[in-house]
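K.L.:
Handing over input_13.cif, mmCIF, C-alpha atoms and all ligand atoms.
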data_final
loop_
_atom_site.label_atom_id
_atom_site.label_comp_id
_atom_site.auth_asym_id
_atom_site.auth_seq_id
_atom_site.Cartn_x
_atom_site.Cartn_y
_atom_site.Cartn_z
CA MET A 1 12.74 -2.39 23.11
CA ALA A 2 13.42 -3.57 19.61
CA PRO A 3 12.85 -1.23 16.73
CA ALA A 4 9.44 -1.79 15.25
CA VAL A 5 8.87 0.48 12.29
CA ALA A 6 5.48 1.01 10.66
CA VAL A 7 5.29 2.21 7.06
CA ILE A 8 1.86 3.56 6.17
CA GLY A 9 0.48 5.16 3.02
CA ALA A 10 -0.73 8.67 3.79
CA GLN A 11 -2.82 9.18 0.63
CA TRP A 12 -4.83 6.95 -1.73
CA GLY A 13 -2.12 4.32 -2.16
CA ASP A 14 0.68 4.22 -4.73
CA GLU A 15 2.86 6.46 -2.58
CA ALA A 16 6.00 4.44 -3.43
CA LYS A 17 5.87 2.54 -0.16
CA GLY A 18 7.76 -0.37 -1.73
CA LYS A 19 10.88 1.70 -2.13
CA ILE A 20 10.67 3.09 1.42
CA VAL A 21 10.00 -0.33 2.97
CA HIS A 22 12.90 -1.80 1.00
CA PHE A 23 15.19 0.92 2.34
CA LEU A 24 13.99 0.64 5.95
CA SER A 25 14.30 -3.17 5.82
CA ARG A 26 17.96 -3.12 4.86
CA ASN A 27 18.85 -3.99 8.48
CA ALA A 28 15.56 -5.64 9.42
CA ASP A 29 15.03 -9.24 10.47
CA LEU A 30 11.35 -9.33 9.54
CA CYS A 31 9.19 -7.41 7.09
CA VAL A 32 5.50 -8.00 7.72
CA ARG A 33 2.54 -7.38 5.40
CA PHE A 34 -0.61 -7.10 7.52
CA ASN A 35 -3.43 -6.09 5.14
CA GLY A 36 -4.66 -6.38 1.59
CA GLY A 37 -3.47 -8.89 -0.96
CA PRO A 38 -2.55 -8.82 -4.63
CA ASN A 39 -4.38 -5.50 -5.04
CA ALA A 40 -1.12 -3.93 -3.82
CA GLY A 41 1.67 -3.15 -6.27
CA HIS A 42 4.91 -2.28 -4.52
CA THR A 43 7.76 -1.51 -6.88
CA VAL A 44 11.45 -1.78 -6.07
CA VAL A 45 14.13 -0.99 -8.64
CA ASP A 46 17.51 -2.42 -7.69
CA GLN A 47 20.50 -4.16 -9.25
CA TYR A 48 18.29 -7.01 -10.52
CA GLY A 49 15.84 -4.70 -12.27
CA GLU A 50 12.28 -3.74 -11.41
CA ALA A 51 10.41 -5.99 -8.97
CA ARG A 52 6.66 -5.50 -8.87
CA LEU A 53 5.56 -7.00 -5.61
CA HIS A 54 1.96 -7.78 -4.89
CA GLN A 55 2.04 -10.17 -1.95
CA VAL A 56 5.72 -10.73 -1.14
CA PRO A 57 6.81 -8.13 1.43
CA ALA A 58 9.28 -5.67 -0.10
CA GLY A 59 11.83 -6.24 2.68
CA ALA A 60 12.08 -9.90 1.66
CA LEU A 61 14.09 -8.83 -1.39
CA HIS A 62 16.96 -8.57 1.09
CA PRO A 63 18.20 -12.13 1.58
CA HIS A 64 18.58 -11.73 5.36
CA CYS A 65 15.02 -10.44 5.89
CA LEU A 66 12.11 -12.84 6.41
CA GLY A 67 8.92 -11.65 4.71
CA VAL A 68 5.86 -12.48 6.79
CA LEU A 69 2.36 -12.61 5.31
CA ALA A 70 0.23 -12.10 8.39
CA HIS A 71 -3.37 -13.18 8.94
CA GLY A 72 -4.82 -9.75 8.08
CA MET A 73 -3.93 -10.29 4.42
CA VAL A 74 -5.97 -12.20 1.89
CA LEU A 75 -3.67 -14.41 -0.13
CA ASP A 76 -4.05 -15.52 -3.74
CA PRO A 77 -1.97 -18.71 -4.05
CA TRP A 78 -1.85 -18.60 -7.85
CA ALA A 79 -0.71 -14.98 -7.83
CA LEU A 80 1.95 -15.83 -5.25
CA TRP A 81 3.34 -18.60 -7.47
CA GLU A 82 3.44 -16.20 -10.39
CA GLU A 83 5.14 -13.51 -8.35
CA LEU A 84 7.81 -15.85 -7.01
CA GLU A 85 8.41 -17.10 -10.53
CA SER A 86 8.85 -13.59 -11.89
CA LEU A 87 11.36 -12.80 -9.13
CA ARG A 88 13.20 -16.01 -9.96
CA THR A 89 13.46 -15.16 -13.65
CA GLN A 90 15.05 -11.86 -12.67
CA GLY A 91 17.86 -13.91 -11.13
CA ARG A 92 17.07 -12.80 -7.59
CA PRO A 93 17.82 -14.92 -4.55
CA LYS A 94 14.67 -16.78 -3.48
CA PRO A 95 12.87 -14.58 -0.95
CA GLN A 96 12.36 -16.14 2.45
CA ILE A 97 8.68 -16.02 3.31
CA PHE A 98 6.49 -17.17 6.15
CA LEU A 99 2.69 -17.49 5.92
CA SER A 100 0.30 -17.12 8.78
CA GLU A 101 -1.65 -20.38 8.93
CA ARG A 102 -4.71 -18.21 9.63
CA ILE A 103 -4.40 -16.27 6.37
CA HIS A 104 -7.54 -16.33 4.23
CA LEU A 105 -7.20 -17.51 0.64
CA ILE A 106 -8.59 -15.80 -2.43
CA LEU A 107 -10.34 -18.34 -4.65
CA PRO A 108 -11.20 -18.00 -8.35
CA SER A 109 -14.85 -17.57 -7.34
CA HIS A 110 -13.98 -14.41 -5.40
CA ARG A 111 -13.01 -12.67 -8.61
CA ILE A 112 -16.15 -13.91 -10.34
CA ARG A 113 -18.28 -12.62 -7.47
CA GLU A 114 -16.56 -9.24 -7.53
CA GLU A 115 -17.63 -8.76 -11.16
CA ARG A 116 -21.17 -10.03 -10.58
CA GLU A 117 -21.78 -7.99 -7.47
CA GLY A 118 -20.84 -4.88 -9.43
CA ALA A 119 -18.09 -3.67 -7.09
CA ALA A 120 -15.48 -3.88 -9.82
CA ALA A 121 -17.33 -1.46 -12.07
CA LYS A 122 -18.89 0.78 -9.42
CA LEU A 123 -15.86 1.29 -7.20
CA GLY A 124 -13.15 0.68 -9.78
CA THR A 125 -11.57 -2.09 -7.73
CA THR A 126 -8.42 -3.91 -8.81
CA ARG A 127 -10.56 -6.99 -9.70
CA LYS A 128 -8.41 -9.29 -7.58
CA GLY A 129 -11.25 -10.70 -5.48
CA ILE A 130 -10.25 -8.73 -2.40
CA GLY A 131 -13.73 -7.63 -1.26
CA PRO A 132 -15.42 -11.05 -1.56
CA ALA A 133 -12.50 -12.77 0.21
CA TYR A 134 -12.79 -10.38 3.15
CA MET A 135 -16.58 -10.80 3.07
CA ASP A 136 -16.21 -14.58 3.41
CA ARG A 137 -13.79 -14.06 6.28
CA VAL A 138 -16.26 -12.10 8.42
CA ALA A 139 -19.22 -14.20 7.25
CA ARG A 140 -17.33 -17.22 8.68
CA ARG A 141 -17.30 -19.13 5.43
CA GLY A 142 -13.77 -18.37 4.31
CA LEU A 143 -10.93 -20.74 3.56
CA ARG A 144 -7.73 -20.29 5.55
CA PHE A 145 -4.38 -21.90 4.92
CA LEU A 146 -5.09 -24.09 7.97
CA ASP A 147 -8.31 -25.32 6.38
CA LEU A 148 -6.35 -26.92 3.53
CA PHE A 149 -5.54 -29.68 6.03
CA ASN A 150 -9.23 -30.44 6.52
CA LEU A 151 -10.06 -32.13 3.23
CA GLU A 152 -13.75 -32.40 3.98
CA TYR A 153 -14.10 -28.70 4.77
CA LEU A 154 -12.05 -27.77 1.72
CA GLN A 155 -14.08 -29.94 -0.67
CA GLU A 156 -17.35 -28.68 0.75
CA LYS A 157 -16.24 -25.06 0.36
CA LEU A 158 -15.23 -25.59 -3.27
CA ARG A 159 -18.44 -27.46 -4.00
CA ALA A 160 -20.55 -24.65 -2.52
CA GLU A 161 -18.62 -21.97 -4.40
CA HIS A 162 -18.89 -23.88 -7.65
CA GLU A 163 -22.58 -24.50 -7.25
CA ALA A 164 -23.27 -20.85 -6.47
CA PHE A 165 -20.95 -19.14 -8.94
CA GLY A 166 -19.46 -21.68 -11.40
CA GLY A 167 -16.73 -20.35 -13.63
CA PHE A 168 -13.91 -22.60 -12.41
CA ASP A 169 -12.88 -26.23 -12.46
CA PRO A 170 -13.26 -27.51 -8.89
CA GLU A 171 -10.99 -30.53 -9.45
CA LYS A 172 -8.17 -28.38 -10.77
CA VAL A 173 -8.60 -25.83 -7.97
CA LEU A 174 -8.56 -28.60 -5.38
CA SER A 175 -5.38 -30.14 -6.73
CA ASP A 176 -3.71 -26.71 -6.99
CA LEU A 177 -4.62 -25.90 -3.40
CA LEU A 178 -3.27 -29.21 -2.14
CA ARG A 179 -0.06 -28.60 -4.04
CA PHE A 180 0.10 -25.12 -2.53
CA ARG A 181 -0.43 -26.56 0.94
CA ASP A 182 2.35 -29.12 0.52
CA GLU A 183 4.75 -26.59 -0.94
CA PHE A 184 4.23 -23.97 1.76
CA GLU A 185 3.54 -26.15 4.78
CA LYS A 186 7.16 -25.86 5.91
CA CYS A 187 7.03 -22.08 5.93
CA ALA A 188 3.58 -21.58 7.44
CA GLY A 189 2.54 -21.44 11.07
CA ASP A 190 1.67 -19.13 13.90
CA ALA A 191 2.83 -15.75 12.61
CA GLN A 192 1.62 -13.96 15.73
CA ALA A 193 4.00 -16.06 17.82
CA LEU A 194 6.82 -15.54 15.33
CA ILE A 195 6.45 -11.76 15.27
CA SER A 196 5.93 -11.30 18.99
CA GLU A 197 8.93 -13.51 19.79
CA ALA A 198 11.06 -11.63 17.28
CA ILE A 199 10.12 -8.37 18.97
CA SER A 200 10.79 -9.65 22.45
CA HIS A 201 14.19 -10.95 21.32
CA GLY A 202 15.21 -7.51 20.16
CA LYS A 203 14.86 -8.17 16.41
CA THR A 204 14.04 -5.39 14.00
CA VAL A 205 10.61 -5.60 12.41
CA VAL A 206 9.24 -3.44 9.60
CA PHE A 207 5.47 -3.45 9.08
CA GLU A 208 4.56 -2.77 5.46
CA GLY A 209 1.17 -1.16 4.94
CA ALA A 210 -0.64 -1.66 1.65
CA GLN A 211 -2.92 0.93 -0.01
CA GLY A 212 -3.20 4.22 1.89
CA THR A 213 -5.02 5.89 4.77
CA LEU A 214 -7.70 7.35 2.50
CA LEU A 215 -8.55 3.85 1.24
CA ASP A 216 -8.98 2.47 4.78
CA VAL A 217 -12.27 0.62 5.16
CA ASP A 218 -13.28 2.88 8.07
CA PHE A 219 -11.17 6.03 7.87
CA GLY A 220 -11.07 6.29 4.09
CA THR A 221 -13.51 7.78 1.62
CA TYR A 222 -16.12 5.06 2.18
CA PRO A 223 -17.53 3.36 0.11
CA TYR A 224 -14.71 4.17 -2.32
CA VAL A 225 -12.20 2.26 -0.25
CA THR A 226 -10.58 -1.14 -0.01
CA SER A 227 -11.87 -3.83 2.36
CA SER A 228 -9.18 -3.77 5.06
CA PRO A 229 -7.63 -1.35 7.54
CA THR A 230 -4.73 0.38 5.82
CA THR A 231 -3.70 2.61 8.72
CA VAL A 232 -1.41 1.92 11.66
CA HIS A 233 -4.42 0.34 13.40
CA GLY A 234 -4.27 -2.40 10.81
CA ILE A 235 -1.08 -3.67 12.43
CA PRO A 236 -2.60 -5.07 15.64
CA TRP A 237 -5.71 -6.06 13.66
CA GLY A 238 -3.76 -7.93 11.02
CA THR A 239 -0.91 -9.42 13.07
CA GLY A 240 -2.12 -9.75 16.65
CA VAL A 241 0.87 -7.78 17.95
CA TRP A 242 0.93 -4.21 19.15
CA PRO A 243 4.53 -3.22 19.52
CA GLU A 244 5.92 0.02 20.82
CA PHE A 245 6.84 1.63 17.51
CA SER A 246 10.19 3.33 17.25
CA ALA A 247 8.91 5.06 14.10
CA VAL A 248 5.61 5.40 12.28
CA VAL A 249 6.60 6.51 8.81
CA GLY A 250 3.90 8.11 6.69
CA VAL A 251 4.62 7.86 2.99
CA ALA A 252 3.23 10.64 0.82
CA LYS A 253 3.93 11.44 -2.78
CA ALA A 254 5.00 15.06 -3.42
CA TYR A 255 1.69 15.37 -5.30
CA THR A 256 -1.44 13.18 -5.17
CA THR A 257 -2.85 10.34 -7.24
CA ARG A 258 -5.85 8.09 -7.04
CA VAL A 259 -7.03 5.06 -9.01
CA GLY A 260 -10.62 3.95 -9.13
CA ALA A 261 -13.71 5.94 -8.30
CA GLY A 262 -14.31 8.42 -5.49
CA PRO A 263 -13.79 12.08 -4.64
CA PHE A 264 -10.37 13.66 -5.15
CA PRO A 265 -10.52 17.43 -4.56
CA THR A 266 -7.07 18.39 -5.88
CA GLU A 267 -7.36 16.33 -9.09
CA ASP A 268 -6.05 18.39 -12.02
CA HIS A 269 -7.97 17.83 -15.24
CA THR A 270 -5.78 20.20 -17.27
CA GLU A 271 -2.53 19.61 -19.12
CA LEU A 272 -0.73 19.87 -15.78
CA GLY A 273 -2.44 16.74 -14.50
CA LYS A 274 -1.45 14.91 -17.68
CA ARG A 275 2.08 16.15 -17.29
CA LEU A 276 2.23 14.80 -13.74
CA ARG A 277 0.97 11.46 -15.02
CA GLU A 278 3.61 11.19 -17.73
CA ALA A 279 6.49 12.55 -15.64
CA GLY A 280 5.58 10.34 -12.71
CA ARG A 281 4.70 7.29 -14.88
CA GLU A 282 1.41 7.17 -13.06
CA TYR A 283 -0.02 3.93 -14.35
CA GLY A 284 -1.17 1.23 -11.93
CA ALA A 285 1.50 -1.34 -10.97
CA THR A 286 -1.25 -3.93 -10.56
CA THR A 287 -3.79 -3.02 -13.22
CA GLY A 288 -1.94 -0.73 -15.63
CA ARG A 289 -4.78 1.80 -15.32
CA PRO A 290 -3.86 5.49 -15.72
CA ARG A 291 -3.95 7.13 -12.31
CA ARG A 292 -5.83 10.34 -11.66
CA CYS A 293 -3.29 13.03 -10.78
CA GLY A 294 -3.34 16.30 -8.87
CA TRP A 295 -1.68 18.41 -6.21
CA LEU A 296 -0.59 17.78 -2.67
CA ASP A 297 -3.51 17.99 -0.27
CA LEU A 298 -2.59 19.12 3.22
CA VAL A 299 -6.14 18.76 4.51
CA ALA A 300 -5.97 15.06 3.70
CA LEU A 301 -2.44 14.74 5.04
CA ARG A 302 -3.32 16.44 8.33
CA TYR A 303 -6.12 13.89 8.66
CA ALA A 304 -3.74 11.00 7.90
CA GLN A 305 -1.36 12.42 10.48
CA ARG A 306 -4.11 12.54 13.10
CA ILE A 307 -5.19 8.96 12.42
CA ASN A 308 -1.71 7.43 12.32
CA GLY A 309 0.44 9.68 14.51
CA PHE A 310 3.33 9.72 12.07
CA THR A 311 6.71 10.34 13.64
CA HIS A 312 8.42 10.70 10.27
CA LEU A 313 7.35 11.43 6.72
CA ALA A 314 8.78 10.07 3.52
CA LEU A 315 8.04 12.47 0.67
CA THR A 316 8.46 10.49 -2.52
CA LYS A 317 8.81 11.37 -6.21
CA LEU A 318 9.94 14.93 -5.55
CA ASP A 319 11.92 14.74 -8.82
CA VAL A 320 8.64 14.51 -10.75
CA LEU A 321 7.86 18.14 -9.83
CA SER A 322 11.03 19.47 -11.52
CA GLY A 323 10.18 21.83 -14.37
CA PHE A 324 6.75 22.89 -13.11
CA PRO A 325 6.93 26.70 -12.89
CA GLU A 326 4.55 26.70 -9.93
CA ILE A 327 3.51 24.09 -7.46
CA ARG A 328 0.12 24.11 -5.85
CA VAL A 329 -0.66 22.81 -2.40
CA ALA A 330 -4.19 22.66 -0.98
CA VAL A 331 -4.16 24.14 2.51
CA ALA A 332 -7.93 24.11 3.13
CA TYR A 333 -11.19 23.60 1.21
CA ARG A 334 -14.16 25.76 0.48
CA LEU A 335 -17.59 24.18 0.87
CA GLY A 336 -20.20 26.66 -0.29
CA ARG A 337 -19.26 29.77 1.68
CA ARG A 338 -17.56 27.85 4.47
CA ARG A 339 -13.80 27.34 4.83
CA VAL A 340 -13.09 23.73 5.78
CA GLU A 341 -9.86 22.78 7.53
CA ASP A 342 -10.75 19.23 8.61
CA PHE A 343 -11.15 16.32 6.22
CA PRO A 344 -14.92 16.07 5.66
CA SER A 345 -17.25 13.15 4.90
CA THR A 346 -17.05 11.48 1.49
CA TRP A 347 -20.17 13.28 0.29
CA GLU A 348 -18.92 16.70 1.31
CA LEU A 349 -15.49 15.92 -0.04
CA ALA A 350 -17.08 15.45 -3.45
CA ARG A 351 -18.34 19.05 -3.31
CA VAL A 352 -15.37 20.95 -1.86
CA VAL A 353 -13.14 23.28 -3.82
CA PRO A 354 -9.50 23.35 -2.73
CA ILE A 355 -7.91 26.56 -1.49
CA TYR A 356 -4.39 26.54 -2.86
CA GLU A 357 -1.18 28.10 -1.80
CA VAL A 358 1.13 28.47 -4.79
CA LEU A 359 4.83 27.85 -4.28
CA PRO A 360 7.60 28.57 -6.76
CA GLY A 361 8.84 25.58 -8.74
CA TRP A 362 12.38 24.74 -9.84
CA ARG A 363 13.89 23.90 -13.21
CA GLU A 364 16.83 21.78 -12.16
CA ASP A 365 16.73 18.02 -12.65
CA ILE A 366 17.08 16.59 -9.17
CA SER A 367 16.82 12.93 -10.08
CA GLY A 368 19.13 10.68 -8.14
CA LEU A 369 20.14 13.40 -5.67
CA ARG A 370 21.04 12.05 -2.24
CA ASP A 371 22.07 15.18 -0.39
CA PHE A 372 19.37 17.50 0.91
CA GLU A 373 21.67 20.51 0.75
CA LYS A 374 22.13 20.02 -3.00
CA LEU A 375 18.42 20.47 -3.73
CA PRO A 376 17.43 23.78 -5.38
CA LYS A 377 16.26 26.28 -2.78
CA GLU A 378 12.66 26.11 -4.02
CA ALA A 379 12.61 22.32 -3.56
CA LYS A 380 13.99 22.69 -0.04
CA ALA A 381 11.38 25.34 0.66
CA TYR A 382 8.66 22.97 -0.57
CA VAL A 383 9.83 20.21 1.75
CA ARG A 384 10.02 22.63 4.68
CA PHE A 385 6.56 23.96 3.88
CA VAL A 386 5.15 20.42 4.12
CA GLU A 387 6.93 19.59 7.33
CA GLU A 388 5.89 22.82 9.00
CA ALA A 389 2.28 22.37 7.93
CA LEU A 390 2.16 18.86 9.38
CA GLY A 391 4.55 19.24 12.28
CA VAL A 392 6.39 16.08 11.24
CA PRO A 393 9.93 15.91 9.87
CA VAL A 394 10.34 14.84 6.27
CA SER A 395 13.14 12.44 6.96
CA LEU A 396 13.26 10.60 3.62
CA ILE A 397 12.87 12.15 0.16
CA GLY A 398 12.50 10.14 -3.02
CA THR A 399 14.36 11.53 -6.03
CA GLY A 400 13.96 8.78 -8.62
CA ARG A 401 12.80 5.24 -9.33
CA GLU A 402 15.97 3.46 -8.27
CA ALA A 403 16.31 2.21 -4.72
CA GLU A 404 19.28 4.45 -4.06
CA ALA A 405 17.66 7.63 -5.39
CA LEU A 406 16.78 8.68 -1.87
CA ILE A 407 17.75 11.54 0.41
CA VAL A 408 18.14 10.26 3.96
CA ARG A 409 18.12 13.12 6.43
CA GLU A 410 20.07 11.37 9.15
CA GLU A 411 19.38 14.12 11.68
CA PHE A 412 15.83 12.75 12.03
CA TRP A 413 16.84 9.14 12.58
CA SER A 414 18.31 9.11 16.07
P1 LIG A 501 -9.89 -3.32 -4.11
O1 LIG A 501 -8.87 -3.16 -3.02
O2 LIG A 501 -9.38 -4.09 -5.30
O3 LIG A 501 -11.19 -3.85 -3.58
O4 LIG A 501 -10.22 -1.85 -4.68
C1 LIG A 501 -10.88 -0.85 -3.90
C2 LIG A 501 -10.30 0.53 -4.20
O5 LIG A 501 -8.97 0.60 -3.69
C3 LIG A 501 -10.19 0.87 -5.69
O6 LIG A 501 -10.39 2.26 -5.84
C4 LIG A 501 -8.76 0.52 -6.03
O7 LIG A 501 -8.27 1.24 -7.13
C5 LIG A 501 -8.07 0.94 -4.75
N1 LIG A 501 -6.83 0.21 -4.49
C6 LIG A 501 -6.71 -1.04 -4.02
N2 LIG A 501 -5.41 -1.36 -3.88
C7 LIG A 501 -4.71 -0.29 -4.25
C8 LIG A 501 -3.33 -0.01 -4.29
O8 LIG A 501 -2.47 -0.82 -3.92
N3 LIG A 501 -2.99 1.22 -4.74
C9 LIG A 501 -3.90 2.14 -5.09
N4 LIG A 501 -5.20 1.93 -5.06
C10 LIG A 501 -5.62 0.71 -4.65
#
Spell out the structure here as structure tokens.
P.N.:
Amino acid sequence: MAPAVAVIGAQWGDEAKGKIVHFLSRNADLCVRFNGGPNAGHTVVDQYGEARLHQVPAGALHPHCLGVLAHGMVLDPWALWEELESLRTQGRPKPQIFLSERIHLILPSHRIREEREGAAAKLGTTRKGIGPAYMDRVARRGLRFLDLFNLEYLQEKLRAEHEAFGGFDPEKVLSDLLRFRDEFEKCAGDAQALISEAISHGKTVVFEGAQGTLLDVDFGTYPYVTSSPTTVHGIPWGTGVWPEFSAVVGVAKAYTTRVGAGPFPTEDHTELGKRLREAGREYGATTGRPRRCGWLDLVALRYAQRINGFTHLALTKLDVLSGFPEIRVAVAYRLGRRRVEDFPSTWELARVVPIYEVLPGWREDISGLRDFEKLPKEAKAYVRFVEEALGVPVSLIGTGREAEALIVREEFWS
């Protein structure tokens, strides 16, 4: 059985999945995005500089790895052009990409609708038109890449959108979409067939999750979630293949962040939270918004572990915790007089108070370290505390922004 590796955010997104996917794709044939769209912001820092990826799979920065945009995504053609152009101006080799012909397209009217329907303000969305594009998909009035070949359907869709929402030039959008179709026709097709054949031919496939488990449309903190499945279940949903995974890697930051509205029990409103934000450069890769910052939450991570069945954990940004005299970790919550061990409903989550265990911090700068044994003993103890609490090995540890600032604990990668 070929190695199929899933990489899934274990928190509220922004866990530095881009870096982990990029590393795990170094020997991969395919890297597949299966959910979300340009709401994602996956950052990779390598010899060409910083790539901020929104729709191009992070593995596709390796010239040998084909980036597949599967049908579970919603694709903004204009944003894809822009992204490819920004990669080109960095002097990178042109990424190889393949589009599912069934992928739904985000139209200018989707962004307009998102503002009008109030979701942008109420939920603090990324304002990329994600929700309305997924709504059209299930309402059976969406526009897929395939539909660009049916001129009548395409024109009718644009006419209806323009009549209902205005705010864009239908002629210009039509000509852009036809240009997009002609440009990408050669690298679009049946992605389900491509992925399943790759797997049956023993190729290595990395599945790149976007957002995180707690933003999943069903398992997340609904309604403060995104509009797609962000968990491992999103892989069969968004690709049509259900491989035997050789690894399901949960990516968790060594602390927690969240952007947008919704409960976040371990959020730190004091100077410490601000310090995490500055040290971790916690500003949205897609929107530039400051992220809400707080401590690691083991209640949430145990839940993510139950949903996804992680076989490995990647604990990222451990270097950001250097210099904090103490490190807090929520091990349970208190709800009124009750101790809560399981992740509760959104409405209860908004009322819980975390019960913290306080671990000693370390002063040493660990940035760029690649050898686990060289970590200060307190940092090692922190990592071991997390792995014991979750029963999953922490097999990758991020120690800086650069791609190579990563501790790979080979003993867990048999
Ligand atoms: P939407 O996905 O733009 O509809 O936004 C819904 C919620 O998910 C908002 O709270 C966003 O901030 C959050 N969100 C969406 N994508 C990401 C991401 O890639 N990282 C972190 N949060 C995200």
K.L.:
Which residues are close to region 211-214 of chain A, i.e. within 7 Å by all atoms listed in the file, leaving aside same-chain residues fewer than 2 positions away? Reply as JSON, numbers by chain.
P.N.:
{"A": [8, 9, 10, 11, 12, 13, 14, 40, 209, 216, 219, 220, 221, 230, 231, 304]}
K.L.:
Which residues sit within 7 Å of ligand LIG 501 (chain A), counting all atoms listed in the file, listed as JSON, numbers by chain?
P.N.:
{"A": [12, 13, 14, 39, 40, 41, 123, 124, 125, 126, 127, 128, 129, 130, 131, 210, 211, 215, 224, 225, 226, 227, 258, 259, 260, 261]}
K.L.:
Show which residues sit within 7 Å of region 372-376 of chain A, as a ChimeraX atom specification. Count all atoms listed in the file, and ignore same-chain residues fewer than 6 positions away.
P.N.:
/A:362,366,407
K.L.:
Atoms to include: C-alpha atoms. Write the selected residues as a PDB file, in the frame of the given file.
P.N.:
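Saved the output as part.pdb:
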ATOM      1  CA  TRP A 362      12.380  24.740  -9.840  1.00  0.00           C
ATOM      2  CA  ILE A 366      17.080  16.590  -9.170  1.00  0.00           C
ATOM      3  CA  ILE A 407      17.750  11.540   0.410  1.00  0.00           C
TER       4      ILE A 407
END
K.L.:
From the list A:Arg370, A:Lys317, A:His71, A:Lys172, which residue is nearest Ala16 (chain A) when using all atoms listed in the file?
P.N.:
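Ranking A:Arg370, A:Lys317, A:His71, A:Lys172 by distance to Ala16 (chain A), first place goes to A:Lys317.
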K.L.:
Could you pull the residues within 9 Å of region 27-36 of chain A, counting only C-alpha atoms, minus those fewer than 5 positions along the same chain, as a ChimeraX atom specification?
P.N.:
/A:3,21,55-60,62,64-75,130,195,198,203-211,226-230,234-239
K.L.:
Separation of CA of Arg102 (chain A) and CA of Ser196 (chain A), in Å?
P.N.:
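Result for CA of Arg102 (chain A) versus CA of Ser196 (chain A): 15.8 Å, one decimal.
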K.L.:
Here is a test: counting all atoms listed in the file, which residue of A:Gly37, A:Gly336, A:Gly49, A:Pro108 is nearest to Leu87 (chain A)?
P.N.:
A:Gly49
K.L.:
Anything within 10 Å of (-7.8, -18.0, 2.8): list those residues as a short mmCIF file (atom, residue, chain, number, x, y, z; two decimals) with C-alpha atoms, in the frame of the given file, counting all atoms listed in the file and sticking to the file's coordinates.
P.N.:
data_model
loop_
_atom_site.label_atom_id
_atom_site.label_comp_id
_atom_site.auth_asym_id
_atom_site.auth_seq_id
_atom_site.Cartn_x
_atom_site.Cartn_y
_atom_site.Cartn_z
CA HIS A 71 -3.37 -13.18 8.94
CA MET A 73 -3.93 -10.29 4.42
CA VAL A 74 -5.97 -12.20 1.89
CA LEU A 75 -3.67 -14.41 -0.13
CA ASP A 76 -4.05 -15.52 -3.74
CA PRO A 77 -1.97 -18.71 -4.05
CA GLU A 101 -1.65 -20.38 8.93
CA ARG A 102 -4.71 -18.21 9.63
CA ILE A 103 -4.40 -16.27 6.37
CA HIS A 104 -7.54 -16.33 4.23
CA LEU A 105 -7.20 -17.51 0.64
CA ILE A 106 -8.59 -15.80 -2.43
CA LEU A 107 -10.34 -18.34 -4.65
CA ALA A 133 -12.50 -12.77 0.21
CA TYR A 134 -12.79 -10.38 3.15
CA ASP A 136 -16.21 -14.58 3.41
CA ARG A 137 -13.79 -14.06 6.28
CA ARG A 141 -17.30 -19.13 5.43
CA GLY A 142 -13.77 -18.37 4.31
CA LEU A 143 -10.93 -20.74 3.56
CA ARG A 144 -7.73 -20.29 5.55
CA PHE A 145 -4.38 -21.90 4.92
CA LEU A 146 -5.09 -24.09 7.97
CA ASP A 147 -8.31 -25.32 6.38
CA LEU A 148 -6.35 -26.92 3.53
#
K.L.:
As an exercise, work out the distance from CA of Thr43 (chain A) to CA of Glu83 (chain A) in Å and give it to one decimal place.
P.N.:
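Computing it gives 12.4 Å between the two atoms.
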K.L.:
So which one's closest to Cys293 (chain A), A:Arg306, A:Lys122, A:Pro325, A:Tyr255? Using only C-alpha atoms, please.
P.N.:
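That would be A:Tyr255, the residue with the smallest distance to Cys293 (chain A).
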K.L.:
Could you check the closest approach to Lys186 (chain A) for each of A:Thr89, A:Gln96, A:Thr316, A:Ser322 and tell me which residue wins, using all atoms listed in the file?
P.N.:
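Counting all atoms listed in the file, the residue closest to Lys186 (chain A) is A:Gln96.
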K.L.:
Could you tell me how far CA of Ile327 (chain A) sits from CA of Glu357 (chain A), in Å to one decimal place?
P.N.:
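Those two atoms sit 8.4 Å apart.
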K.L.:
Determine, counting all atoms listed in the file, which protein, DNA and RNA residues have an atom within 10 Å of an atom of region 347-354 of chain A; residues of the same chain fewer than 6 positions away are not included. Present the result as an mmCIF file with C-alpha atoms, keeping the file's coordinate frame.
P.N.:
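Result written to around.cif:
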data_model
loop_
_atom_site.group_PDB
_atom_site.id
_atom_site.type_symbol
_atom_site.label_atom_id
_atom_site.label_comp_id
_atom_site.auth_asym_id
_atom_site.auth_seq_id
_atom_site.Cartn_x
_atom_site.Cartn_y
_atom_site.Cartn_z
ATOM 1 C CA THR A 221 -13.510 7.780 1.620
ATOM 2 C CA TYR A 222 -16.120 5.060 2.180
ATOM 3 C CA GLY A 262 -14.310 8.420 -5.490
ATOM 4 C CA PRO A 263 -13.790 12.080 -4.640
ATOM 5 C CA PHE A 264 -10.370 13.660 -5.150
ATOM 6 C CA PRO A 265 -10.520 17.430 -4.560
ATOM 7 C CA THR A 266 -7.070 18.390 -5.880
ATOM 8 C CA GLU A 267 -7.360 16.330 -9.090
ATOM 9 C CA TRP A 295 -1.680 18.410 -6.210
ATOM 10 C CA ASP A 297 -3.510 17.990 -0.270
ATOM 11 C CA VAL A 299 -6.140 18.760 4.510
ATOM 12 C CA VAL A 329 -0.660 22.810 -2.400
ATOM 13 C CA ALA A 330 -4.190 22.660 -0.980
ATOM 14 C CA VAL A 331 -4.160 24.140 2.510
ATOM 15 C CA ALA A 332 -7.930 24.110 3.130
ATOM 16 C CA TYR A 333 -11.190 23.600 1.210
ATOM 17 C CA ARG A 334 -14.160 25.760 0.480
ATOM 18 C CA LEU A 335 -17.590 24.180 0.870
ATOM 19 C CA GLY A 336 -20.200 26.660 -0.290
ATOM 20 C CA ARG A 338 -17.560 27.850 4.470
ATOM 21 C CA ARG A 339 -13.800 27.340 4.830
ATOM 22 C CA VAL A 340 -13.090 23.730 5.780
#
